[in-house]
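Structure below is query.txt: compact mmCIF, C-alpha atoms.
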```
# COMPACT_ATOMS: atom_id res chain seq x y z
CA MET A 1227 0.00 0.00 0.00
CA SER A 1228 1.33 3.42 -0.96
CA ILE A 1229 1.73 5.34 2.27
CA GLN A 1230 1.70 8.83 0.76
CA LYS A 1231 -2.05 9.23 0.21
CA PRO A 1232 -4.13 10.81 2.97
CA ARG A 1233 -7.03 8.31 2.66
CA GLU A 1234 -4.66 5.35 2.90
CA ILE A 1235 -2.99 6.80 5.98
CA ALA A 1236 -6.38 7.53 7.54
CA PHE A 1237 -7.56 3.97 6.82
CA ARG A 1238 -4.42 2.52 8.37
CA ILE A 1239 -4.75 4.72 11.48
CA LEU A 1240 -8.41 3.82 11.95
CA THR A 1241 -7.75 0.09 11.62
CA GLU A 1242 -4.72 0.28 13.94
CA ARG A 1243 -6.87 2.14 16.47
CA LEU A 1244 -9.20 -0.85 16.70
CA HIS A 1245 -6.38 -3.26 17.49
CA GLN A 1246 -3.84 -1.22 19.43
CA ARG A 1247 -6.15 0.66 21.80
CA GLU A 1248 -4.16 3.85 21.40
CA PHE A 1249 -5.62 7.31 21.05
CA SER A 1250 -6.25 8.46 17.50
CA GLU A 1251 -4.11 11.55 18.09
CA VAL A 1252 -1.08 9.44 18.99
CA LEU A 1253 -1.49 7.18 15.96
CA LEU A 1254 -2.07 10.16 13.68
CA ASP A 1255 0.99 12.05 14.95
CA ARG A 1256 3.14 8.95 14.54
CA ALA A 1257 1.86 8.27 11.02
CA LEU A 1258 2.30 11.86 9.87
CA GLN A 1259 5.85 11.95 11.22
CA ARG A 1260 6.67 8.83 9.19
CA ASN A 1261 4.79 10.05 6.11
CA PRO A 1262 5.09 13.81 5.65
CA LEU A 1263 2.25 15.17 3.56
CA PRO A 1264 1.63 18.52 1.89
CA PRO A 1265 -0.55 20.77 4.08
CA ASN A 1266 -3.82 20.12 2.20
CA ASP A 1267 -3.33 16.34 2.28
CA ARG A 1268 -2.35 16.50 5.94
CA ARG A 1269 -5.57 18.39 6.76
CA LEU A 1270 -7.65 15.88 4.78
CA CYS A 1271 -6.04 12.97 6.62
CA GLN A 1272 -6.67 14.61 10.00
CA GLU A 1273 -10.26 15.43 9.07
CA LEU A 1274 -10.94 11.87 7.95
CA VAL A 1275 -9.51 10.29 11.09
CA PHE A 1276 -11.13 12.65 13.57
CA GLY A 1277 -14.39 12.81 11.63
CA VAL A 1278 -14.85 9.05 11.40
CA VAL A 1279 -14.03 8.65 15.09
CA ARG A 1280 -16.39 11.50 16.05
CA TRP A 1281 -19.33 10.31 13.92
CA SER A 1282 -18.81 6.55 14.19
CA ALA A 1283 -22.21 5.77 15.75
CA THR A 1284 -24.07 7.66 13.03
CA LEU A 1285 -21.88 6.19 10.29
CA ASP A 1286 -22.46 2.69 11.63
CA TRP A 1287 -26.22 3.37 11.67
CA LEU A 1288 -26.02 4.36 8.00
CA ILE A 1289 -24.13 1.17 7.18
CA ARG A 1290 -26.69 -0.98 9.01
CA GLN A 1291 -29.48 0.61 6.95
CA LYS A 1292 -27.99 -0.71 3.70
CA THR A 1293 -26.61 -4.02 4.93
CA GLY A 1294 -29.64 -5.38 6.71
CA GLY A 1295 -27.95 -4.94 10.07
CA ARG A 1296 -25.31 -7.56 9.27
CA THR A 1297 -21.99 -7.11 11.02
CA GLN A 1298 -19.12 -6.30 8.68
CA LYS A 1299 -15.46 -7.14 9.06
CA ALA A 1300 -13.65 -4.29 10.79
CA ALA A 1301 -11.70 -3.24 7.68
CA LEU A 1302 -14.81 -3.18 5.49
CA GLN A 1303 -16.67 -1.21 8.15
CA THR A 1304 -13.83 1.33 8.21
CA LEU A 1305 -13.78 1.62 4.42
CA LEU A 1306 -17.52 2.24 4.38
CA GLU A 1307 -17.25 4.75 7.23
CA LEU A 1308 -14.57 6.68 5.33
CA GLY A 1309 -16.67 6.77 2.18
CA LEU A 1310 -19.86 7.82 3.96
CA TYR A 1311 -18.08 10.46 6.01
CA GLN A 1312 -16.76 12.04 2.81
CA MET A 1313 -20.21 11.91 1.20
CA PHE A 1314 -22.25 13.41 4.02
CA TRP A 1315 -19.86 15.51 6.12
CA LEU A 1316 -17.33 16.91 3.65
CA ASP A 1317 -18.70 19.52 1.26
CA ARG A 1318 -15.66 19.75 -0.99
CA ILE A 1319 -15.61 16.09 -2.05
CA PRO A 1320 -18.26 15.15 -4.61
CA PRO A 1321 -20.14 11.91 -3.83
CA HIS A 1322 -18.88 10.19 -6.99
CA ALA A 1323 -15.30 10.95 -5.94
CA ALA A 1324 -15.91 9.56 -2.45
CA VAL A 1325 -17.28 6.34 -3.99
CA HIS A 1326 -14.41 6.02 -6.45
CA GLU A 1327 -11.69 6.74 -3.88
CA SER A 1328 -13.21 4.29 -1.38
CA VAL A 1329 -13.36 1.51 -3.97
CA GLN A 1330 -9.78 2.22 -5.06
CA LEU A 1331 -8.66 2.26 -1.43
CA ALA A 1332 -10.32 -1.13 -0.87
CA LYS A 1333 -8.40 -2.57 -3.82
CA THR A 1334 -5.12 -1.00 -2.72
CA ALA A 1335 -5.58 -2.21 0.86
CA GLY A 1336 -6.10 -5.82 -0.26
CA TYR A 1337 -9.90 -5.94 -0.21
CA GLY A 1338 -10.43 -6.07 -3.96
CA ALA A 1339 -12.89 -8.95 -3.67
CA GLN A 1340 -15.11 -6.80 -1.45
CA SER A 1341 -14.77 -3.64 -3.58
CA GLY A 1342 -18.03 -4.45 -5.39
CA PHE A 1343 -19.84 -4.54 -2.04
CA ILE A 1344 -18.35 -1.21 -1.01
CA ASN A 1345 -19.25 0.24 -4.40
CA ALA A 1346 -22.85 -0.99 -4.10
CA VAL A 1347 -23.42 0.43 -0.61
CA LEU A 1348 -21.86 3.80 -1.39
CA ARG A 1349 -23.55 4.15 -4.79
CA ALA A 1350 -26.90 3.40 -3.20
CA TYR A 1351 -26.32 6.32 -0.86
CA SER A 1352 -25.09 8.55 -3.68
CA ARG A 1353 -28.44 8.02 -5.42
CA GLU A 1354 -30.30 8.94 -2.22
CA LEU A 1355 -28.34 11.96 -0.98
CA ASP A 1356 -31.29 14.22 -0.21
CA THR A 1357 -33.37 11.43 1.34
CA THR A 1358 -30.43 10.40 3.51
CA ARG A 1359 -29.70 13.95 4.62
CA THR A 1360 -33.34 14.26 5.66
CA ALA A 1361 -33.09 10.94 7.52
CA LEU A 1362 -29.95 12.15 9.31
CA HIS A 1363 -31.73 15.36 10.29
CA ASP A 1364 -34.73 13.37 11.58
CA LEU A 1365 -32.39 11.03 13.45
CA LYS A 1366 -31.08 13.99 15.45
CA ARG A 1367 -34.63 14.78 16.57
CA ASN A 1368 -35.96 11.26 17.09
CA THR A 1369 -32.87 9.32 18.22
CA PRO A 1370 -30.38 11.95 19.38
CA HIS A 1371 -27.70 9.55 20.59
CA LEU A 1372 -27.40 8.20 17.02
CA GLY A 1373 -28.07 11.50 15.28
CA PHE A 1374 -25.35 13.29 17.22
CA SER A 1375 -23.16 10.19 17.68
CA HIS A 1376 -23.10 10.42 21.47
CA PRO A 1377 -23.46 7.69 24.08
CA GLU A 1378 -27.13 6.98 24.73
CA TRP A 1379 -26.80 7.65 28.47
CA LEU A 1380 -25.52 11.14 27.70
CA CYS A 1381 -28.58 12.05 25.66
```

Whole structure given in structure tokens:
Amino acid sequence: MSIQKPREIAFRILTERLHQREFSEVLLDRALQRNPLPPNDRRLCQELVFGVVRWSATLDWLIRQKTGGRTQKAALQTLLELGLYQMFWLDRIPPHAAVHESVQLAKTAGYGAQSGFINAVLRAYSRELDTTRTALHDLKRNTPHLGFSHPEWLC
């Protein structure tokens, strides 16, 4: 895997975070020291890591909506989270680019066999952008712990 692309670094950090039980900030600092990036790419990598961590409950809810609630392997879940975060939380990345980059990242990361699945889930959401944005807005009102990605006890 090429280690100079911000999405690849973000994917690696997010998967390491699941196994190493270290803070995202520590993993991110370490990765960016090993792989210096231009300022724009560095900001994108940071935004992806912190955004996926921050919105994980909502992103996982979105994934469950399209997968029938089936549990995904951790790496596939992370790839889908990255794609969905780019589609619904980042204004400067067009949905088609988020889909394409996520599928390419899956292939680069060794999940080529599952790239069709990732493509299908993300394309389904790209066809339903307005409906999904409305559902996310309604989720904040009706199920705030998922809509705001907070622990249920806190809401």

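Distances here use all atoms listed in the file; by that measure, the residue among A:Arg1238, A:Arg1233, A:His1376, A:Arg1247 closest to Leu1270 of chain A is A:Arg1233.
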
field: Residue with smallest distance to Val1275 of chain A - pool A:Ser1328, A:Gln1291, A:Gln1298, A:Ser1250, counting all atoms listed in the file
entry: A:Ser1250

- prompt: What is the distance between atom CA of Thr1360 of chain A and atom CA of Thr1284 of chain A, in Å to one decimal?
  reply: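 Value for the atom CA of Thr1360 of chain A-atom CA of Thr1284 of chain A distance: 13.6 Å.
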
task: For a cut-off of 12 Å around (-11.0, 12.5, 11.8), file coordinates, pick out all residues using all atoms listed in the file and list them as a ChimeraX atom specification.
output: /A:1232-1233,1235-1237,1239-1240,1249-1251,1253-1254,1268-1282,1307-1308,1311-1312,1315-1316

message: List the spatial neighbours of Ser1341 of chain A as a list in words - criterion: any atom at most 12 Å away, only C-alpha atoms, same-chain residues fewer than 3 positions off excluded.
response: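 The neighbour list is Ala1301, Leu1302, Leu1305, Leu1306, Val1325, His1326, Glu1327, Ser1328, Val1329, Gln1330, Leu1331, Ala1332, Lys1333, Thr1334, Ala1335, Gly1336, Tyr1337, Gly1338, Ile1344, Asn1345, Ala1346, Val1347, Leu1348 and Arg1349 of chain A.
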
field: For atom CA of Asp1286 of chain A and atom CA of Ala1300 of chain A, the interatomic separation in Å (one decimal)
entry: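 Pair atom CA of Asp1286 of chain A / atom CA of Ala1300 of chain A returns 11.3 Å.
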
As AutoDock Vina command-line options, what would the box around segment 1322-1331 of chain A look like: edges along x, y and z, 5 Å added on every side, centre and edge lengths in Å to one decimal?
```
--center_x -13.8 --center_y 6.2 --center_z -4.2 --size_x 20.2 --size_y 19.4 --size_z 15.6
```

field: d(atom CA of Asp1317 of chain A, atom CA of Pro1264 of chain A) in Å
entry: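 Straight-line distance from atom CA of Asp1317 of chain A to atom CA of Pro1264 of chain A works out to 20.4 Å.
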
query: Which is closer to Asp1267 of chain A than all the others in A:Thr1358, A:Lys1299, A:Lys1231, A:Arg1290, using all atoms listed in the file?
result: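 The shortest atom-to-atom distance to Asp1267 of chain A comes from A:Lys1231.
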
message: With distances taken over only C-alpha atoms, which residue among A:Leu1310, A:Gln1303, A:Thr1357, A:Gln1340 lies nearest Leu1244 of chain A?
response: A:Gln1303

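Of the residues listed (A:Arg1318, A:Arg1243, A:Lys1292, A:His1363), A:Arg1243 shows the shortest atom-to-atom separation from Thr1304 of chain A; distances use all atoms listed in the file.
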